[in-house]
Amino acid sequence: MAASTDPSPLRKPQTQQGFSDIAEGASIDPADVARFSAQAAEWWDAKGPFAPLHRFNPARLAFIRSRLAEHFGRDPKSRNAFAGLNLIDIGCGGGLIAEPMRRMGFEVTAVDASSENIGTARAHAAEQGLDIAYRAATVEQVEAAGAGPFDVVLVLEIIEHVADPEVFLRTCSRLVAPGGIMIVATLNRTLKSLALGKIAAEYILRWVPAGTHDWRQFLKPEEIRTMLEGEPFTVTGPYGLNFNPLSDRWSESEDTAINFMMLATRN
């Protein structure tokens, strides 16, 4: 399959309106966008600044695949298990989630506020022969362009980087099709996450560059629930993802004090 690297409007059934590859919107935190843009070329370097995310990815992919297979009644082990379904990855970075989602059979649209990130993602998808509709855009622009609705909306490790989390999340939720599902992943605002998810990860272990996260922007699971009050969703979770230093692996856990995921199913 040829990769989609052109600036044309979104793939069907979202082809009525398009938008330019210039991200604009109230959700943008310019400092965070600049920080990630500066590292854009290194997204796919498994030993570079995104190495912790590469180690984290298998666990969150396993979680996403199993929950979506259960929700849509698909066999997660089958080839193109999710064929016929469409998905949008909001805050896609260099495409570490978008690519495996496409390989699972989803029609994938992926957006990021950083045009540098999108450039990296497009180039890598082209090398892999994956047709993913990448756009430099905010969720506000996606909604204004009339894109969607989508069967799956992924909001992974991005809500802690936006200017107004509640407005952002509610906008994301309006992109979910009836019967569809939104998956939100972020960091919990606890003393444990301050010690391990912020101080240790950035200043002791050097897993991520210093300043990557602002602990004050971490969100508690109950805050995610509150943000979606009044919206037509059934919210479940939180589900924890924890790191085992002995095995050097991440896995699903009952401990949600640092990383957690939540599901929001549109009624």
# chains A, B, ... in the order shown; residues from 1 in each chain; ligands from 1
>>> residues_around(residues="Trp215 in chain A", least_positions_apart="6", cutoff="10 Å", atoms="only C-alpha atoms", output="VMD selection string")
chain A and resid 160 187 to 191 193 to 195 197 to 199
>>> write_last_selection(atoms="N, CA, C and O atoms", output="PDB file, in the first residue's frame")
ATOM      1  N   GLU A 160      -2.274  15.785  29.273  1.00  0.00           N
ATOM      2  CA  GLU A 160      -1.466  16.501  30.265  1.00  0.00           C
ATOM      3  C   GLU A 160      -0.584  17.578  29.624  1.00  0.00           C
ATOM      4  O   GLU A 160       0.114  18.307  30.334  1.00  0.00           O
ATOM      5  N   LEU A 187      -1.141  10.489  33.122  1.00  0.00           N
ATOM      6  CA  LEU A 187      -0.428  10.259  34.377  1.00  0.00           C
ATOM      7  C   LEU A 187      -1.252  10.794  35.538  1.00  0.00           C
ATOM      8  O   LEU A 187      -1.823  11.888  35.459  1.00  0.00           O
ATOM      9  N   ASN A 188      -1.305  10.012  36.601  1.00  0.00           N
ATOM     10  CA  ASN A 188      -2.072  10.381  37.790  1.00  0.00           C
ATOM     11  C   ASN A 188      -1.315  11.437  38.606  1.00  0.00           C
ATOM     12  O   ASN A 188      -0.085  11.430  38.654  1.00  0.00           O
ATOM     13  N   ARG A 189      -2.070  12.342  39.212  1.00  0.00           N
ATOM     14  CA  ARG A 189      -1.447  13.382  40.043  1.00  0.00           C
ATOM     15  C   ARG A 189      -1.412  12.911  41.495  1.00  0.00           C
ATOM     16  O   ARG A 189      -2.274  13.233  42.299  1.00  0.00           O
ATOM     17  N   THR A 190      -0.380  12.129  41.795  1.00  0.00           N
ATOM     18  CA  THR A 190      -0.199  11.573  43.133  1.00  0.00           C
ATOM     19  C   THR A 190       1.233  11.833  43.581  1.00  0.00           C
ATOM     20  O   THR A 190       2.102  12.192  42.776  1.00  0.00           O
ATOM     21  N   LEU A 191       1.488  11.624  44.845  1.00  0.00           N
ATOM     22  CA  LEU A 191       2.861  11.771  45.340  1.00  0.00           C
ATOM     23  C   LEU A 191       3.772  10.726  44.700  1.00  0.00           C
ATOM     24  O   LEU A 191       4.951  10.994  44.438  1.00  0.00           O
ATOM     25  N   SER A 193       3.495   9.520  41.661  1.00  0.00           N
ATOM     26  CA  SER A 193       3.819   9.938  40.297  1.00  0.00           C
ATOM     27  C   SER A 193       4.794  11.108  40.302  1.00  0.00           C
ATOM     28  O   SER A 193       5.614  11.250  39.390  1.00  0.00           O
ATOM     29  N   LEU A 194       4.716  11.948  41.326  1.00  0.00           N
ATOM     30  CA  LEU A 194       5.677  13.044  41.445  1.00  0.00           C
ATOM     31  C   LEU A 194       7.079  12.485  41.665  1.00  0.00           C
ATOM     32  O   LEU A 194       8.047  12.916  41.023  1.00  0.00           O
ATOM     33  N   ALA A 195       7.177  11.483  42.554  1.00  0.00           N
ATOM     34  CA  ALA A 195       8.481  10.911  42.884  1.00  0.00           C
ATOM     35  C   ALA A 195       9.054  10.084  41.741  1.00  0.00           C
ATOM     36  O   ALA A 195      10.245  10.205  41.408  1.00  0.00           O
ATOM     37  N   GLY A 197       7.217   9.273  38.407  1.00  0.00           N
ATOM     38  CA  GLY A 197       6.864   9.670  37.052  1.00  0.00           C
ATOM     39  C   GLY A 197       7.477  10.990  36.618  1.00  0.00           C
ATOM     40  O   GLY A 197       7.608  11.251  35.425  1.00  0.00           O
ATOM     41  N   LYS A 198       7.855  11.816  37.578  1.00  0.00           N
ATOM     42  CA  LYS A 198       8.440  13.116  37.259  1.00  0.00           C
ATOM     43  C   LYS A 198       9.909  13.186  37.676  1.00  0.00           C
ATOM     44  O   LYS A 198      10.799  13.219  36.836  1.00  0.00           O
ATOM     45  N   ILE A 199      10.168  13.183  38.983  1.00  0.00           N
ATOM     46  CA  ILE A 199      11.534  13.415  39.474  1.00  0.00           C
ATOM     47  C   ILE A 199      12.489  12.291  39.051  1.00  0.00           C
ATOM     48  O   ILE A 199      13.546  12.541  38.469  1.00  0.00           O
TER      49      ILE A 199
END
>>> select_by_dssp(residues="range 150-230 of chain A", states="strand (DSSP E or B)", output="ChimeraX atom specification")
/A:150-156,176-187
>>> residues_around(residues="range 102-118 of chain A", least_positions_apart="2", cutoff="9 Å", atoms="only C-alpha atoms", output="PyMOL selection string")
chain A and resi 10-11+21-24+28+33-34+36-41+43+65+76+78-95+97-100+120-123+130-139+142
>>> residues_around(residues="range 56-59 of chain A", least_positions_apart="6", cutoff="10 Å", atoms="only C-alpha atoms", output="PDB file with N, CA, C and O atoms, in the first residue's frame")
ATOM      1  N   PHE A  50      13.090   8.946  23.079  1.00  0.00           N
ATOM      2  CA  PHE A  50      11.792   8.302  23.215  1.00  0.00           C
ATOM      3  C   PHE A  50      11.914   6.812  23.536  1.00  0.00           C
ATOM      4  O   PHE A  50      10.944   6.060  23.405  1.00  0.00           O
ATOM      5  N   ARG A  65      -5.624  -3.207  22.090  1.00  0.00           N
ATOM      6  CA  ARG A  65      -6.101  -4.272  21.212  1.00  0.00           C
ATOM      7  C   ARG A  65      -7.134  -5.150  21.906  1.00  0.00           C
ATOM      8  O   ARG A  65      -8.192  -5.463  21.335  1.00  0.00           O
ATOM      9  N   LEU A  96       3.955   6.190  16.631  1.00  0.00           N
ATOM     10  CA  LEU A  96       4.240   4.918  17.307  1.00  0.00           C
ATOM     11  C   LEU A  96       2.990   4.092  17.578  1.00  0.00           C
ATOM     12  O   LEU A  96       3.072   2.866  17.717  1.00  0.00           O
ATOM     13  N   ILE A  97       1.835   4.746  17.676  1.00  0.00           N
ATOM     14  CA  ILE A  97       0.572   4.028  17.850  1.00  0.00           C
ATOM     15  C   ILE A  97      -0.176   3.924  16.525  1.00  0.00           C
ATOM     16  O   ILE A  97      -0.784   2.895  16.216  1.00  0.00           O
ATOM     17  N   LEU A 241      -1.044   0.801  34.307  1.00  0.00           N
ATOM     18  CA  LEU A 241       0.085   0.241  33.574  1.00  0.00           C
ATOM     19  C   LEU A 241       1.335   0.530  34.386  1.00  0.00           C
ATOM     20  O   LEU A 241       1.640   1.690  34.670  1.00  0.00           O
ATOM     21  N   ASN A 242       2.053  -0.522  34.780  1.00  0.00           N
ATOM     22  CA  ASN A 242       3.206  -0.351  35.658  1.00  0.00           C
ATOM     23  C   ASN A 242       4.469  -0.964  35.074  1.00  0.00           C
ATOM     24  O   ASN A 242       4.414  -1.939  34.317  1.00  0.00           O
ATOM     25  N   PHE A 243       5.588  -0.412  35.489  1.00  0.00           N
ATOM     26  CA  PHE A 243       6.891  -0.863  35.017  1.00  0.00           C
ATOM     27  C   PHE A 243       7.546  -1.762  36.055  1.00  0.00           C
ATOM     28  O   PHE A 243       7.594  -1.428  37.242  1.00  0.00           O
ATOM     29  N   ASP A 248      12.340  -5.274  33.164  1.00  0.00           N
ATOM     30  CA  ASP A 248      12.444  -4.154  32.230  1.00  0.00           C
ATOM     31  C   ASP A 248      11.251  -4.121  31.275  1.00  0.00           C
ATOM     32  O   ASP A 248      11.376  -3.817  30.092  1.00  0.00           O
ATOM     33  N   ARG A 249      10.069  -4.438  31.848  1.00  0.00           N
ATOM     34  CA  ARG A 249       8.871  -4.495  31.010  1.00  0.00           C
ATOM     35  C   ARG A 249       7.696  -3.807  31.702  1.00  0.00           C
ATOM     36  O   ARG A 249       7.610  -3.779  32.929  1.00  0.00           O
ATOM     37  N   TRP A 250       6.774  -3.293  30.875  1.00  0.00           N
ATOM     38  CA  TRP A 250       5.524  -2.722  31.349  1.00  0.00           C
ATOM     39  C   TRP A 250       4.416  -3.761  31.210  1.00  0.00           C
ATOM     40  O   TRP A 250       4.455  -4.608  30.316  1.00  0.00           O
ATOM     41  N   SER A 251       3.425  -3.682  32.091  1.00  0.00           N
ATOM     42  CA  SER A 251       2.284  -4.582  31.995  1.00  0.00           C
ATOM     43  C   SER A 251       1.078  -3.941  32.670  1.00  0.00           C
ATOM     44  O   SER A 251       1.215  -2.994  33.463  1.00  0.00           O
ATOM     45  N   GLU A 252      -0.110  -4.473  32.362  1.00  0.00           N
ATOM     46  CA  GLU A 252      -1.331  -3.976  32.992  1.00  0.00           C
ATOM     47  C   GLU A 252      -1.310  -4.308  34.481  1.00  0.00           C
ATOM     48  O   GLU A 252      -0.807  -5.357  34.885  1.00  0.00           O
TER      49      GLU A 252
END
>>> closest_residue(among="A:Asp45, A:Ala62, A:Arg266, A:Met182", to="Leu156 in chain A", atoms="only C-alpha atoms")
A:Met182
>>> atom_distance(atom1="CA of Ser27 in chain A", atom2="CA of Leu228 in chain A")
16.7 Å
>>> closest_atom_pairs(of="range 219-259 of chain A", to="range 162-181 of chain A", cutoff="12 Å", atoms="only C-alpha atoms", output="CSV")
residue,atom,partner,partner_atom,distance
A:Leu219,CA,A:Pro165,CA,9.0
A:Lys220,CA,A:Pro165,CA,11.9
A:Glu223,CA,A:Glu166,CA,9.0
A:Ile224,CA,A:Glu166,CA,8.1
A:Arg225,CA,A:Glu166,CA,10.2
A:Thr226,CA,A:Glu166,CA,8.8
A:Met227,CA,A:Glu166,CA,5.3
A:Leu228,CA,A:Arg170,CA,6.6
A:Glu229,CA,A:Arg170,CA,9.5
A:Gly230,CA,A:Arg170,CA,10.0
A:Glu231,CA,A:Arg170,CA,8.0
A:Pro232,CA,A:Ser173,CA,9.1
A:Phe233,CA,A:Ser173,CA,8.6
A:Thr234,CA,A:Ile181,CA,9.4
A:Val235,CA,A:Ile181,CA,9.7
A:Thr236,CA,A:Ile181,CA,10.9
>>> closest_residue(among="A:Pro221, A:Met101, A:Phe260, A:Pro238", to="Leu154 in chain A", atoms="only C-alpha atoms")
A:Met101
>>> atom_distance(atom1="CA of Ile258 in chain A", atom2="CA of Lys192 in chain A")
6.6 Å
>>> atom_distance(atom1="CA of Gln217 in chain A", atom2="CA of Ile159 in chain A")
8.6 Å
>>> select_by_dssp(residues="range 23-256 of chain A", states="helix (DSSP H, G or I)", output="PyMOL selection string")
chain A and resi 30-37+40-42+51-72+98-103+115-128+139-144+159-161+165-173+191-204+215-217+221-227
>>> decode(residues="range 115-127 of chain A", atoms="N, CA, C and O atoms", output="PDB file, in the first residue's frame")
ATOM      1  N   SER A 115       4.079  20.211  13.320  1.00  0.00           N
ATOM      2  CA  SER A 115       4.294  19.825  11.924  1.00  0.00           C
ATOM      3  C   SER A 115       5.572  18.999  11.773  1.00  0.00           C
ATOM      4  O   SER A 115       5.680  18.158  10.877  1.00  0.00           O
ATOM      5  N   GLU A 116       6.553  19.228  12.657  1.00  0.00           N
ATOM      6  CA  GLU A 116       7.784  18.426  12.629  1.00  0.00           C
ATOM      7  C   GLU A 116       7.480  16.963  12.963  1.00  0.00           C
ATOM      8  O   GLU A 116       8.021  16.047  12.326  1.00  0.00           O
ATOM      9  N   ASN A 117       6.639  16.742  13.975  1.00  0.00           N
ATOM     10  CA  ASN A 117       6.243  15.378  14.299  1.00  0.00           C
ATOM     11  C   ASN A 117       5.543  14.712  13.118  1.00  0.00           C
ATOM     12  O   ASN A 117       5.799  13.540  12.796  1.00  0.00           O
ATOM     13  N   ILE A 118       4.636  15.449  12.484  1.00  0.00           N
ATOM     14  CA  ILE A 118       3.891  14.904  11.356  1.00  0.00           C
ATOM     15  C   ILE A 118       4.830  14.574  10.197  1.00  0.00           C
ATOM     16  O   ILE A 118       4.676  13.546   9.519  1.00  0.00           O
ATOM     17  N   GLY A 119       5.829  15.412   9.969  1.00  0.00           N
ATOM     18  CA  GLY A 119       6.799  15.125   8.920  1.00  0.00           C
ATOM     19  C   GLY A 119       7.531  13.819   9.165  1.00  0.00           C
ATOM     20  O   GLY A 119       7.701  13.001   8.252  1.00  0.00           O
ATOM     21  N   THR A 120       7.945  13.607  10.410  1.00  0.00           N
ATOM     22  CA  THR A 120       8.607  12.354  10.775  1.00  0.00           C
ATOM     23  C   THR A 120       7.665  11.170  10.599  1.00  0.00           C
ATOM     24  O   THR A 120       8.049  10.126  10.056  1.00  0.00           O
ATOM     25  N   ALA A 121       6.426  11.327  11.066  1.00  0.00           N
ATOM     26  CA  ALA A 121       5.443  10.241  10.985  1.00  0.00           C
ATOM     27  C   ALA A 121       5.146   9.873   9.536  1.00  0.00           C
ATOM     28  O   ALA A 121       5.083   8.685   9.184  1.00  0.00           O
ATOM     29  N   ARG A 122       4.982  10.869   8.684  1.00  0.00           N
ATOM     30  CA  ARG A 122       4.698  10.605   7.269  1.00  0.00           C
ATOM     31  C   ARG A 122       5.853   9.872   6.600  1.00  0.00           C
ATOM     32  O   ARG A 122       5.653   8.918   5.834  1.00  0.00           O
ATOM     33  N   ALA A 123       7.063  10.325   6.872  1.00  0.00           N
ATOM     34  CA  ALA A 123       8.227   9.710   6.248  1.00  0.00           C
ATOM     35  C   ALA A 123       8.363   8.250   6.663  1.00  0.00           C
ATOM     36  O   ALA A 123       8.641   7.377   5.828  1.00  0.00           O
ATOM     37  N   HIS A 124       8.151   7.971   7.947  1.00  0.00           N
ATOM     38  CA  HIS A 124       8.276   6.595   8.425  1.00  0.00           C
ATOM     39  C   HIS A 124       7.177   5.716   7.861  1.00  0.00           C
ATOM     40  O   HIS A 124       7.432   4.564   7.474  1.00  0.00           O
ATOM     41  N   ALA A 125       5.942   6.237   7.808  1.00  0.00           N
ATOM     42  CA  ALA A 125       4.845   5.460   7.236  1.00  0.00           C
ATOM     43  C   ALA A 125       5.112   5.143   5.769  1.00  0.00           C
ATOM     44  O   ALA A 125       4.809   4.034   5.296  1.00  0.00           O
ATOM     45  N   ALA A 126       5.694   6.094   5.035  1.00  0.00           N
ATOM     46  CA  ALA A 126       6.023   5.857   3.628  1.00  0.00           C
ATOM     47  C   ALA A 126       7.032   4.730   3.488  1.00  0.00           C
ATOM     48  O   ALA A 126       6.913   3.876   2.609  1.00  0.00           O
ATOM     49  N   GLU A 127       8.028   4.714   4.381  1.00  0.00           N
ATOM     50  CA  GLU A 127       9.029   3.648   4.352  1.00  0.00           C
ATOM     51  C   GLU A 127       8.401   2.281   4.618  1.00  0.00           C
ATOM     52  O   GLU A 127       8.854   1.270   4.085  1.00  0.00           O
TER      53      GLU A 127
END
